[in-house]
Structure formats: structure tokens, C-alpha cells
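Student: What follows is protein_34.pdb; its format and atoms are PDB, C-alpha atoms (C1' of nucleotides).
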```pdb
ATOM      1  CA  MET A1100       2.924 -10.977 123.170  1.00  0.00           C
ATOM      2  CA  LYS A1101       4.136  -7.858 124.923  1.00  0.00           C
ATOM      3  CA  ILE A1102       4.465  -5.049 122.451  1.00  0.00           C
ATOM      4  CA  ALA A1103       5.254  -1.996 124.575  1.00  0.00           C
ATOM      5  CA  LYS A1104       6.677  -1.470 128.029  1.00  0.00           C
ATOM      6  CA  ARG A1105       5.959   1.798 129.803  1.00  0.00           C
ATOM      7  CA  MET A1106       8.153   3.011 132.610  1.00  0.00           C
ATOM      8  CA  ALA A1107       7.313   5.542 135.332  1.00  0.00           C
ATOM      9  CA  GLU A1108       7.477   8.745 133.281  1.00  0.00           C
ATOM     10  CA  PRO A1109       5.137   8.462 130.300  1.00  0.00           C
ATOM     11  CA  HIS A1110       6.825  11.201 128.297  1.00  0.00           C
ATOM     12  CA  ILE A1111      10.152   9.451 128.326  1.00  0.00           C
ATOM     13  CA  SER A1112       8.866   5.913 128.480  1.00  0.00           C
ATOM     14  CA  ARG A1113      10.940   3.532 126.530  1.00  0.00           C
ATOM     15  CA  VAL A1114       9.383   1.440 123.802  1.00  0.00           C
ATOM     16  CA  GLN A1115      10.712  -1.986 123.049  1.00  0.00           C
ATOM     17  CA  SER A1116       9.844  -3.582 119.755  1.00  0.00           C
ATOM     18  CA  PRO A1117       9.136  -7.316 119.881  1.00  0.00           C
ATOM     19  CA  SER A1118      12.000  -7.904 117.504  1.00  0.00           C
ATOM     20  CA  GLY A1119      14.051  -6.693 120.443  1.00  0.00           C
ATOM     21  CA  LEU A1120      17.308  -7.665 118.861  1.00  0.00           C
ATOM     22  CA  THR A1121      18.756  -4.440 117.576  1.00  0.00           C
ATOM     23  CA  SER A1122      19.289  -1.009 119.053  1.00  0.00           C
ATOM     24  CA  SER A1123      17.121   0.336 116.247  1.00  0.00           C
ATOM     25  CA  ALA A1124      14.149  -1.437 117.806  1.00  0.00           C
ATOM     26  CA  THR A1125      13.780   1.050 120.630  1.00  0.00           C
ATOM     27  CA  THR A1126      12.699   4.655 120.838  1.00  0.00           C
ATOM     28  CA  THR A1127      10.971   6.976 123.284  1.00  0.00           C
ATOM     29  CA  PHE A1128       7.617   8.686 123.091  1.00  0.00           C
ATOM     30  CA  ARG A1129       9.272  12.033 123.803  1.00  0.00           C
ATOM     31  CA  ASN A1130      11.569  11.675 120.833  1.00  0.00           C
ATOM     32  CA  LEU A1131       8.686  10.871 118.532  1.00  0.00           C
ATOM     33  CA  ARG A1132       7.620  14.520 118.938  1.00  0.00           C
ATOM     34  CA  ASN A1133      10.941  15.726 117.547  1.00  0.00           C
ATOM     35  CA  ALA A1134       9.852  16.381 113.974  1.00  0.00           C
ATOM     36  CA  LEU A1135      12.358  16.850 111.176  1.00  0.00           C
ATOM     37  CA  PRO A1136      12.350  20.494 110.002  1.00  0.00           C
ATOM     38  CA  ARG A1137      11.499  21.734 106.530  1.00  0.00           C
ATOM     39  CA  GLU A1138      15.197  22.353 105.750  1.00  0.00           C
ATOM     40  CA  PHE A1139      15.934  18.664 106.151  1.00  0.00           C
ATOM     41  CA  PHE A1140      13.965  17.980 102.986  1.00  0.00           C
ATOM     42  CA  ASP A1141      15.199  21.007 101.055  1.00  0.00           C
ATOM     43  CA  ARG A1142      18.060  19.057  99.502  1.00  0.00           C
ATOM     44  CA  ASP A1143      18.805  16.651  96.702  1.00  0.00           C
ATOM     45  CA  PRO A1144      16.631  13.511  97.104  1.00  0.00           C
ATOM     46  CA  ARG A1145      19.785  11.388  97.332  1.00  0.00           C
ATOM     47  CA  GLU A1146      20.943  13.314 100.386  1.00  0.00           C
ATOM     48  CA  VAL A1147      17.480  13.241 101.908  1.00  0.00           C
ATOM     49  CA  SER A1148      17.341   9.482 101.315  1.00  0.00           C
ATOM     50  CA  ARG A1149      20.539   8.877 103.238  1.00  0.00           C
ATOM     51  CA  GLY A1150      19.405  11.206 105.964  1.00  0.00           C
ATOM     52  CA  LEU A1151      16.036   9.526 106.353  1.00  0.00           C
ATOM     53  CA  LEU A1152      17.496   6.113 107.151  1.00  0.00           C
ATOM     54  CA  GLY A1153      17.117   5.577 110.876  1.00  0.00           C
ATOM     55  CA  LYS A1154      14.489   8.301 111.298  1.00  0.00           C
ATOM     56  CA  VAL A1155      10.963   7.434 112.433  1.00  0.00           C
ATOM     57  CA  LEU A1156       7.696   7.723 110.538  1.00  0.00           C
ATOM     58  CA  VAL A1157       4.898   8.513 112.986  1.00  0.00           C
ATOM     59  CA  ARG A1158       1.149   8.249 112.496  1.00  0.00           C
ATOM     60  CA  ARG A1159      -1.416   9.473 114.994  1.00  0.00           C
ATOM     61  CA  ASN A1160      -4.834   7.874 114.933  1.00  0.00           C
ATOM     62  CA  GLY A1161      -6.865   9.791 117.472  1.00  0.00           C
ATOM     63  CA  ARG A1162      -4.828   9.369 120.653  1.00  0.00           C
ATOM     64  CA  LYS A1163      -2.963   6.316 119.471  1.00  0.00           C
ATOM     65  CA  LEU A1164       0.454   6.464 117.873  1.00  0.00           C
ATOM     66  CA  ILE A1165       1.831   4.167 115.227  1.00  0.00           C
ATOM     67  CA  ALA A1166       5.521   4.424 114.414  1.00  0.00           C
ATOM     68  CA  GLY A1167       8.222   2.630 112.487  1.00  0.00           C
ATOM     69  CA  ARG A1168      11.895   3.232 111.851  1.00  0.00           C
ATOM     70  CA  VAL A1169      12.848   3.986 108.254  1.00  0.00           C
ATOM     71  CA  VAL A1170      15.144   1.205 107.057  1.00  0.00           C
ATOM     72  CA  GLU A1171      14.798   1.417 103.257  1.00  0.00           C
ATOM     73  CA  VAL A1172      14.038   4.258 100.834  1.00  0.00           C
ATOM     74  CA  GLU A1173      14.521   5.141  97.182  1.00  0.00           C
ATOM     75  CA  ALA A1174      15.344   8.500  95.622  1.00  0.00           C
ATOM     76  CA  TYR A1175      13.410   9.707  92.591  1.00  0.00           C
ATOM     77  CA  LEU A1176      14.787  12.684  90.725  1.00  0.00           C
ATOM     78  CA  GLY A1177      13.361  15.049  88.116  1.00  0.00           C
ATOM     79  CA  ALA A1178      13.487  15.125  84.321  1.00  0.00           C
ATOM     80  CA  GLU A1179      16.826  13.265  84.273  1.00  0.00           C
ATOM     81  CA  ASP A1180      15.250  10.212  85.956  1.00  0.00           C
ATOM     82  CA  ALA A1181      13.021   8.289  83.534  1.00  0.00           C
ATOM     83  CA  ALA A1182      11.603   6.172  86.352  1.00  0.00           C
ATOM     84  CA  ALA A1183      10.362   9.177  88.312  1.00  0.00           C
ATOM     85  CA  HIS A1184       6.745  10.213  88.163  1.00  0.00           C
ATOM     86  CA  ALA A1185       8.031  13.741  87.722  1.00  0.00           C
ATOM     87  CA  ALA A1186      10.005  12.782  84.610  1.00  0.00           C
ATOM     88  CA  SER A1187       7.444  13.987  82.081  1.00  0.00           C
ATOM     89  CA  GLY A1188       6.508  17.217  83.793  1.00  0.00           C
ATOM     90  CA  LYS A1189       3.990  18.450  86.300  1.00  0.00           C
ATOM     91  CA  THR A1190       0.502  16.921  86.265  1.00  0.00           C
ATOM     92  CA  ALA A1191      -2.402  16.835  88.670  1.00  0.00           C
ATOM     93  CA  ARG A1192      -1.156  13.565  90.150  1.00  0.00           C
ATOM     94  CA  ASN A1193       2.478  14.469  90.757  1.00  0.00           C
ATOM     95  CA  ALA A1194       2.042  18.151  91.618  1.00  0.00           C
ATOM     96  CA  VAL A1195       3.265  17.645  95.184  1.00  0.00           C
ATOM     97  CA  LEU A1196       6.667  16.541  93.884  1.00  0.00           C
ATOM     98  CA  PHE A1197       7.044  19.953  92.244  1.00  0.00           C
ATOM     99  CA  GLY A1198       5.940  21.842  95.333  1.00  0.00           C
ATOM    100  CA  PRO A1199       7.871  22.803  98.476  1.00  0.00           C
ATOM    101  CA  PRO A1200       9.855  20.163 100.428  1.00  0.00           C
ATOM    102  CA  GLY A1201       8.521  18.028 103.260  1.00  0.00           C
ATOM    103  CA  TYR A1202       5.074  17.137 101.920  1.00  0.00           C
ATOM    104  CA  ALA A1203       3.501  13.728 101.309  1.00  0.00           C
ATOM    105  CA  TYR A1204       3.110  12.533  97.729  1.00  0.00           C
ATOM    106  CA  ILE A1205       0.953   9.430  97.606  1.00  0.00           C
ATOM    107  CA  TYR A1206       0.065   7.453  94.524  1.00  0.00           C
ATOM    108  CA  PHE A1207      -2.051   4.390  93.850  1.00  0.00           C
ATOM    109  CA  ILE A1208      -0.392   1.517  92.021  1.00  0.00           C
ATOM    110  CA  TYR A1209      -1.348  -1.809  90.451  1.00  0.00           C
ATOM    111  CA  GLY A1210      -4.958  -1.318  91.398  1.00  0.00           C
ATOM    112  CA  ASN A1211      -4.198  -2.278  94.975  1.00  0.00           C
ATOM    113  CA  HIS A1212      -1.603  -0.288  96.813  1.00  0.00           C
ATOM    114  CA  PHE A1213      -0.725   3.182  98.034  1.00  0.00           C
ATOM    115  CA  CYS A1214       2.881   4.300  98.216  1.00  0.00           C
ATOM    116  CA  LEU A1215       4.242   7.163 100.323  1.00  0.00           C
ATOM    117  CA  ASN A1216       6.864   9.671  99.208  1.00  0.00           C
ATOM    118  CA  VAL A1217       8.104  12.909 100.677  1.00  0.00           C
ATOM    119  CA  SER A1218       8.810  15.880  98.438  1.00  0.00           C
ATOM    120  CA  THR A1219      12.330  17.293  98.347  1.00  0.00           C
ATOM    121  CA  LEU A1220      14.059  20.376  96.903  1.00  0.00           C
ATOM    122  CA  PRO A1221      12.569  23.887  96.766  1.00  0.00           C
ATOM    123  CA  ASP A1222       9.184  24.831  95.353  1.00  0.00           C
ATOM    124  CA  GLY A1223       9.297  24.447  91.582  1.00  0.00           C
ATOM    125  CA  ILE A1224      11.954  21.722  91.477  1.00  0.00           C
ATOM    126  CA  ALA A1225      10.781  18.102  91.375  1.00  0.00           C
ATOM    127  CA  GLY A1226      12.184  15.310  93.504  1.00  0.00           C
ATOM    128  CA  GLY A1227      11.077  12.858  96.118  1.00  0.00           C
ATOM    129  CA  VAL A1228      11.902   9.901  98.329  1.00  0.00           C
ATOM    130  CA  LEU A1229       9.846   6.708  98.374  1.00  0.00           C
ATOM    131  CA  PHE A1230       9.480   4.897 101.695  1.00  0.00           C
ATOM    132  CA  ARG A1231      10.018   1.188 101.046  1.00  0.00           C
ATOM    133  CA  ALA A1232      10.306  -0.401 104.458  1.00  0.00           C
ATOM    134  CA  LEU A1233       9.976   0.334 108.161  1.00  0.00           C
ATOM    135  CA  GLU A1234      10.961  -1.510 111.307  1.00  0.00           C
ATOM    136  CA  PRO A1235       7.827  -1.567 113.498  1.00  0.00           C
ATOM    137  CA  LEU A1236       8.286   0.338 116.774  1.00  0.00           C
ATOM    138  CA  VAL A1237       4.935   1.453 118.191  1.00  0.00           C
ATOM    139  CA  GLY A1238       1.335   0.394 117.659  1.00  0.00           C
ATOM    140  CA  LEU A1239       2.026  -3.070 116.297  1.00  0.00           C
ATOM    141  CA  GLU A1240      -1.461  -4.285 117.093  1.00  0.00           C
ATOM    142  CA  GLN A1241      -2.968  -1.460 115.092  1.00  0.00           C
ATOM    143  CA  MET A1242      -0.619  -2.268 112.232  1.00  0.00           C
ATOM    144  CA  ALA A1243      -1.577  -5.922 112.279  1.00  0.00           C
ATOM    145  CA  LEU A1244      -5.240  -4.984 112.350  1.00  0.00           C
ATOM    146  CA  ALA A1245      -4.840  -2.653 109.374  1.00  0.00           C
ATOM    147  CA  ARG A1246      -2.849  -5.272 107.494  1.00  0.00           C
ATOM    148  CA  ASP A1247      -5.108  -8.142 108.499  1.00  0.00           C
ATOM    149  CA  THR A1248      -2.095 -10.284 109.424  1.00  0.00           C
ATOM    150  CA  GLU A1249      -0.824 -12.050 112.500  1.00  0.00           C
ATOM    151  CA  LEU A1250       1.483 -10.230 114.892  1.00  0.00           C
ATOM    152  CA  GLY A1251       3.783 -13.207 114.690  1.00  0.00           C
ATOM    153  CA  ASP A1252       4.993 -12.197 111.251  1.00  0.00           C
ATOM    154  CA  LEU A1253       6.453  -8.754 111.850  1.00  0.00           C
ATOM    155  CA  ARG A1254       8.105  -8.476 108.467  1.00  0.00           C
ATOM    156  CA  ALA A1255       4.727  -8.725 106.789  1.00  0.00           C
ATOM    157  CA  LEU A1256       3.601  -5.554 108.572  1.00  0.00           C
ATOM    158  CA  THR A1257       5.840  -2.911 107.034  1.00  0.00           C
ATOM    159  CA  SER A1258       8.367  -4.566 104.728  1.00  0.00           C
ATOM    160  CA  GLY A1259       7.434  -3.106 101.333  1.00  0.00           C
ATOM    161  CA  PRO A1260       5.998   0.236 100.206  1.00  0.00           C
ATOM    162  CA  GLY A1261       2.417  -0.989  99.865  1.00  0.00           C
ATOM    163  CA  ARG A1262       2.587  -2.843 103.157  1.00  0.00           C
ATOM    164  CA  LEU A1263       3.846   0.059 105.232  1.00  0.00           C
ATOM    165  CA  ALA A1264       1.232   2.360 103.742  1.00  0.00           C
ATOM    166  CA  GLU A1265      -1.506  -0.079 104.635  1.00  0.00           C
ATOM    167  CA  ALA A1266      -0.115  -0.627 108.148  1.00  0.00           C
ATOM    168  CA  LEU A1267      -0.213   3.117 108.843  1.00  0.00           C
ATOM    169  CA  GLY A1268      -3.554   3.655 107.130  1.00  0.00           C
ATOM    170  CA  ILE A1269      -2.002   5.898 104.494  1.00  0.00           C
ATOM    171  CA  THR A1270      -4.243   6.708 101.530  1.00  0.00           C
ATOM    172  CA  ARG A1271      -4.153   9.301  98.803  1.00  0.00           C
ATOM    173  CA  GLU A1272      -7.422  10.818  99.919  1.00  0.00           C
ATOM    174  CA  ARG A1273      -6.360  11.133 103.538  1.00  0.00           C
ATOM    175  CA  ASP A1274      -2.715  12.074 103.240  1.00  0.00           C
ATOM    176  CA  ASN A1275      -1.670  13.374  99.820  1.00  0.00           C
ATOM    177  CA  GLY A1276      -0.216  16.866 100.166  1.00  0.00           C
ATOM    178  CA  LYS A1277       0.064  16.593 103.958  1.00  0.00           C
ATOM    179  CA  ASP A1278       2.863  18.454 105.741  1.00  0.00           C
ATOM    180  CA  LEU A1279       5.229  15.835 107.203  1.00  0.00           C
ATOM    181  CA  THR A1280       7.264  18.305 109.259  1.00  0.00           C
ATOM    182  CA  SER A1281       4.705  19.107 111.944  1.00  0.00           C
ATOM    183  CA  THR A1282       3.488  17.078 114.898  1.00  0.00           C
ATOM    184  CA  ARG A1283       0.258  19.035 114.627  1.00  0.00           C
ATOM    185  CA  SER A1284      -0.363  16.875 111.594  1.00  0.00           C
ATOM    186  CA  ASP A1285      -1.278  13.209 112.026  1.00  0.00           C
ATOM    187  CA  LEU A1286       1.649  12.002 109.952  1.00  0.00           C
ATOM    188  CA  TRP A1287       5.216  13.204 110.386  1.00  0.00           C
ATOM    189  CA  LEU A1288       8.884  12.235 110.473  1.00  0.00           C
ATOM    190  CA  ALA A1289      10.803  12.261 113.738  1.00  0.00           C
ATOM    191  CA  ASP A1290      14.449  12.144 114.726  1.00  0.00           C
ATOM    192  CA  ASP A1291      14.923  10.107 117.899  1.00  0.00           C
ATOM    193  CA  GLY A1292      18.683  10.203 117.731  1.00  0.00           C
ATOM    194  CA  PHE A1293      19.257   6.775 116.258  1.00  0.00           C
ATOM    195  CA  VAL A1294      22.116   6.609 113.746  1.00  0.00           C
ATOM    196  CA  PRO A1295      22.459   3.593 111.429  1.00  0.00           C
ATOM    197  CA  GLU A1296      25.767   1.799 111.567  1.00  0.00           C
ATOM    198  CA  LYS A1297      26.088   1.089 107.892  1.00  0.00           C
ATOM    199  CA  VAL A1298      24.125   2.193 104.836  1.00  0.00           C
ATOM    200  CA  LEU A1299      24.033   0.329 101.531  1.00  0.00           C
ATOM    201  CA  VAL A1300      23.150   1.763  98.132  1.00  0.00           C
ATOM    202  CA  THR A1301      21.719  -0.469  95.391  1.00  0.00           C
ATOM    203  CA  LYS A1302      19.645  -0.335  92.224  1.00  0.00           C
ATOM    204  CA  ARG A1303      15.993   0.492  92.714  1.00  0.00           C
ATOM    205  CA  ILE A1304      13.359  -2.240  92.815  1.00  0.00           C
ATOM    206  CA  GLY A1305      10.417  -2.871  90.515  1.00  0.00           C
ATOM    207  CA  ILE A1306      11.167  -0.398  87.734  1.00  0.00           C
ATOM    208  CA  THR A1307      12.056  -0.859  84.076  1.00  0.00           C
ATOM    209  CA  LYS A1308      13.233   2.613  83.104  1.00  0.00           C
ATOM    210  CA  ALA A1309      16.487   3.947  84.545  1.00  0.00           C
ATOM    211  CA  ALA A1310      16.727   0.615  86.329  1.00  0.00           C
ATOM    212  CA  ASP A1311      20.484   0.754  86.850  1.00  0.00           C
ATOM    213  CA  MET A1312      20.739   3.987  88.802  1.00  0.00           C
ATOM    214  CA  PRO A1313      22.008   3.353  92.353  1.00  0.00           C
ATOM    215  CA  LEU A1314      19.273   5.191  94.200  1.00  0.00           C
ATOM    216  CA  ARG A1315      18.000   2.654  96.727  1.00  0.00           C
ATOM    217  CA  TYR A1316      19.254   3.218 100.267  1.00  0.00           C
ATOM    218  CA  LEU A1317      18.960   0.732 103.095  1.00  0.00           C
ATOM    219  CA  ILE A1318      20.320  -0.010 106.538  1.00  0.00           C
ATOM    220  CA  ALA A1319      22.775  -2.867 106.155  1.00  0.00           C
ATOM    221  CA  GLY A1320      21.679  -6.083 107.793  1.00  0.00           C
ATOM    222  CA  ASN A1321      18.258  -4.863 108.895  1.00  0.00           C
ATOM    223  CA  ARG A1322      15.776  -7.728 108.688  1.00  0.00           C
ATOM    224  CA  PHE A1323      12.872  -5.459 107.767  1.00  0.00           C
ATOM    225  CA  VAL A1324      14.311  -4.362 104.451  1.00  0.00           C
ATOM    226  CA  SER A1325      12.002  -5.429 101.601  1.00  0.00           C
ATOM    227  CA  GLY A1326      12.685  -7.973  98.909  1.00  0.00           C
ATOM    228  CA  ARG A1327      14.880 -11.034  98.892  1.00  0.00           C
ATOM    229  CA  LYS A1328      18.198 -11.355 100.642  1.00  0.00           C
ATOM    230  CA  SER A1329      19.981 -11.390  97.316  1.00  0.00           C
ATOM    231  CA  ASP A1330      18.624  -7.918  96.580  1.00  0.00           C
ATOM    232  CA  ALA A1331      20.339  -6.456  99.605  1.00  0.00           C
ATOM    233  CA  LYS A1332      23.705  -6.285  97.897  1.00  0.00           C
ATOM    234  CA  PRO A1333      25.526  -3.139  96.831  1.00  0.00           C
TER     235      PRO A1333
ATOM    236  C1'  DT B 288     -12.455   7.560  73.441  1.00  0.00           C
ATOM    237  C1'  DT B 289      -9.590   3.627  73.942  1.00  0.00           C
ATOM    238  C1'  DA B 290      -5.255   1.257  75.118  1.00  0.00           C
ATOM    239  C1'  DT B 291      -1.421   0.367  77.994  1.00  0.00           C
ATOM    240  C1'  DG B 292       1.313  -0.766  81.746  1.00  0.00           C
ATOM    241  C1'  DG B 293       2.900   0.328  86.284  1.00  0.00           C
ATOM    242  C1'  DA B 294       7.947   2.968  92.294  1.00  0.00           C
ATOM    243  C1'  DT B 295       3.235  -4.223  94.385  1.00  0.00           C
ATOM    244  C1'  DT B 296       1.586  -8.028  96.862  1.00  0.00           C
ATOM    245  C1'  DA B 297      -0.110 -12.579  97.938  1.00  0.00           C
ATOM    246  C1'  DG B 298      -0.756 -17.003  96.751  1.00  0.00           C
ATOM    247  C1'  DC B 299       0.265 -20.922  94.190  1.00  0.00           C
ATOM    248  C1'  DT B 300       3.588 -24.267  91.599  1.00  0.00           C
TER     249       DT B 300
ATOM    250  C1'  DG C 478       9.788 -18.940  90.461  1.00  0.00           C
ATOM    251  C1'  DC C 479       5.447 -17.201  88.280  1.00  0.00           C
ATOM    252  C1'  DT C 480       1.359 -14.615  87.789  1.00  0.00           C
ATOM    253  C1'  DA C 481      -3.449 -12.852  88.723  1.00  0.00           C
ATOM    254  C1'  DA C 482      -5.658  -9.159  90.859  1.00  0.00           C
ATOM    255  C1'  DT C 483      -7.318  -4.555  89.943  1.00  0.00           C
ATOM    256  C1'  DC C 484      -7.350   0.820  89.297  1.00  0.00           C
ATOM    257  C1'  DC C 485      -6.144   4.783  87.062  1.00  0.00           C
ATOM    258  C1'  DA C 486      -2.832   8.221  84.971  1.00  0.00           C
ATOM    259  C1'  DT C 487      -0.985   8.941  80.772  1.00  0.00           C
ATOM    260  C1'  DA C 488      -0.392   8.459  75.859  1.00  0.00           C
ATOM    261  C1'  DA C 489      -2.243   7.659  71.551  1.00  0.00           C
ATOM    262  C1'  DA C 490      -5.989   8.175  68.315  1.00  0.00           C
TER     263       DA C 490
END
```
Translate the structure of the given file into C-alpha cells.
Tutor:
Amino acid sequence: MKIAKRMAEPHISRVQSPSGLTSSATTTFRNLRNALPREFFDRDPREVSRGLLGKVLVRRNGRKLIAGRVVEVEAYLGAEDAAAHAASGKTARNAVLFGPPGYAYIYFIYGNHFCLNVSTLPDGIAGGVLFRALEPLVGLEQMALARDTELGDLRALTSGPGRLAEALGITRERDNGKDLTSTRSDLWLADDGFVPEKVLVTKRIGITKAADMPLRYLIAGNRFVSGRKSDAKP
DNA sequence: TTATGGATTAGCT
DNA sequence: GCTAATCCATAAA
């Protein structure tokens, strides 16, 4: 299966995802270097969540890039959000959430999975956004290798917080506290100019406390959103 | 020091 | 649809 098509100029070569069906499935290598600035994250997590939909999460492994478009996120607030890790105050684990905006907060869950968040709001104020699903764009073979799955099932690569972390090789040891606003890092967020047509907001998935707050944001109709079809309702 | 349950996933019924 | 797997942060004692 062809996973990437390079044209004459490598810096502006166009990348075509195998899904190939939506405009969100393309990007350019040049645009992957356009990192979101610190200020982008220095806002309420709900605003950052909306803003992150359609942006691209980029991982660099040596000289190879892995990238996926953000199609589903959840906002986690501070003390007023019982489901947030920050709800009961600052600890060694959640310290990044209380720090400056734009840094990776990674936690280990259910004995099996890592989940990636980005810190929001100024230093001293807790808040974050959980990445729940990506649409694979670049480095699909590396993703499949990391996930130990077949390339034929693209949804299995990055549809779900634990899955996308595994596909990009994200671990707490490697990435917790990492600056996500710099391409000098090996993990960052890029703006390639794509704008989602329609965004939906729903209840968050997999929590018991504060379960009714509408803090899950997703790109309407995107097939890489996690969970069942019935979950993708407002 | 011990107990509890979780921002999940994969595999089976 | 249901649940085991499997670690560890946090709360309780």
C-alpha cells in the first residue's frame, strides 16, 4: 500500500493519507514545521480544545516523522472539575498541569496505557487537554509497527488515547514535561492551515465523576474519532 | 502499610 | 455486550 507520495520539492511535498477520502487527510512537510506558539495554549482548556481540532501532532524519531491530525480531544479543568487529575491539588504526578502552558502531561492508566495531555492556562493555574484520537497522516508504517497491528486497519492505529500514544511512542519517561511548542523538540503541535468544517461537543468518555459536563470536542463525521458511532452525538 | 479504582484496550460471548 | 489484564497514584489506616 502506498502511504506517502513525494513530489519534486521535498519541503513542500504533499502527503496523502491512505484514507484519502477527506481533505483532512493531506498535509505538507513544510507545514509540519509550523509549531503552535505558547500563547495558543495560554487559554481556558475549552478554548484550546476547540482550537486544537484540525491541528497536527508531530513526532520525530531520528530523521523520521510521524504525524496525525487531531480529530478528538477532551478538556479537563481545575478544582471545579471532579474528573480532572488536577481536582485535588498539585502532586508529583500532575505537576505539569499546574505549570506553564504548552507542555506534555502524560499519565499511565489501567496498568497498560499512556495518555497525552497538553497543559493550558498560565503557570500556577491547572488545566489541560487530553488527546483522544488522531487521523494518521505521516509515518503509518512506523505507527503500525509500534502498535503491532496491520496497516489495513487504520482506525486501530490512533483512534483512542492509549492507541495514539502507543503509535507515536509516547511514554511518561520519554515525554512528560516536554515542550510541545518547539520543533527543536521531538514532539510538537503544528498548524498546517486545515480548518474543520463542523465541531461537535459531547460528554466525556470513560469517567464517573463530573460525567455530564460537555467537554469532549470532535470533528463531526471524522471516521477516526474514538468510541462507537452512537457516542458521536451532541 | 494496605486498599482501591481508574481520562483504556483487546478479546471473547 | 462484558470483562480480564495490569500498574500505580492516592486515600485511608
Student: Taking the file as I've supplied it (selection: the PyMOL selection byres ((chain A) within 7 of (chain B))), which residues are included? Please answer as a ChimeraX atom specification.
Tutor: /A:1208-1209,1212,1261,1305-1306
Student: Pull out every residue of chain C that has at least one atom within 10 Å of chain A, counting all atoms listed in the file, and report them as a list of chain:residue names.
Tutor: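 Per the criterion, chain C yields C:DA482, C:DT483, C:DC484, C:DC485, C:DA486, C:DT487.
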Student: Output the residue selection produced by the PyMOL selection byres ((chain A and resi 1270) around 9) on the file above, formatted as an NGL selection string.
Tutor: :A and (1205-1207 or 1212-1215 or 1264-1265 or 1268-1269 or 1271-1275)
Student: Could you turn the residues from that selection into a file that holds C-alpha atoms, as a PDB file, keeping the file's coordinate frame?
Tutor:
```pdb
ATOM      1  CA  ILE A1205       0.953   9.430  97.606  1.00  0.00           C
ATOM      2  CA  TYR A1206       0.065   7.453  94.524  1.00  0.00           C
ATOM      3  CA  PHE A1207      -2.051   4.390  93.850  1.00  0.00           C
ATOM      4  CA  HIS A1212      -1.603  -0.288  96.813  1.00  0.00           C
ATOM      5  CA  PHE A1213      -0.725   3.182  98.034  1.00  0.00           C
ATOM      6  CA  CYS A1214       2.881   4.300  98.216  1.00  0.00           C
ATOM      7  CA  LEU A1215       4.242   7.163 100.323  1.00  0.00           C
ATOM      8  CA  ALA A1264       1.232   2.360 103.742  1.00  0.00           C
ATOM      9  CA  GLU A1265      -1.506  -0.079 104.635  1.00  0.00           C
ATOM     10  CA  GLY A1268      -3.554   3.655 107.130  1.00  0.00           C
ATOM     11  CA  ILE A1269      -2.002   5.898 104.494  1.00  0.00           C
ATOM     12  CA  ARG A1271      -4.153   9.301  98.803  1.00  0.00           C
ATOM     13  CA  GLU A1272      -7.422  10.818  99.919  1.00  0.00           C
ATOM     14  CA  ARG A1273      -6.360  11.133 103.538  1.00  0.00           C
ATOM     15  CA  ASP A1274      -2.715  12.074 103.240  1.00  0.00           C
ATOM     16  CA  ASN A1275      -1.670  13.374  99.820  1.00  0.00           C
TER      17      ASN A1275
END
```
Student: Between CA of Ala1194 in chain A and CA of Thr1280 in chain A, measure the distance and give it in Å to one decimal.
Tutor: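 Computing the Euclidean distance for CA of Ala1194 in chain A and CA of Thr1280 in chain A yields 18.4 Å.
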Student: What's the separation between CA of Ala1174 in chain A and CA of Leu1256 in chain A, in Å to one decimal place?
Tutor: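 It comes out at 22.4 Å.
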Student: Can you list, as JSON, numbers by chain, every protein, DNA or RNA residue that comes within 10 Å of Leu1317 in chain A when you count all atoms listed in the file, leaving out same-chain residues fewer than 5 positions away?
Tutor: {"A": [1148, 1149, 1151, 1152, 1153, 1169, 1170, 1171, 1172, 1173, 1231, 1232, 1295, 1297, 1298, 1299, 1300, 1301, 1323, 1324, 1325, 1331, 1332, 1333]}
Student: What's around Asn1133 in chain A at 7 Å? Count all atoms listed in the file, leave out sequence neighbours fewer than 6 positions away in its own chain, and write the answer as a list in words.
Tutor: Ala1289, Asp1290 and Asp1291 of chain A
Student: What does the structure give for the distance between CA of Ser1258 in chain A and CA of Val1237 in chain A, in Å to one decimal?
Tutor: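 It comes out at 15.1 Å.
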Student: Is it possible to get the axis-aligned box enclosing chain B (all listed atoms, 5 Å extra per side) as lines of an AutoDock Vina configuration file, with centre and edge lengths in Å rounded to one decimal?
Tutor:
```
center_x = -2.3
center_y = -8.4
center_z = 85.7
size_x = 30.4
size_y = 41.8
size_z = 34.5
```
Student: Considering all atoms listed in the file, can you say which of A:Ala1181, A:Leu1156, A:Leu1196, A:Ile1224 comes closest to Ser1281 in chain A?
Tutor: A:Leu1156
Student: Check what the PyMOL selection byres ((chain A and resi 1220) around 6) selects in the file above and give those residues as a list of chain:residue names.
Tutor: A:Asp1141, A:Arg1142, A:Pro1200, A:Thr1219, A:Pro1221, A:Ile1224
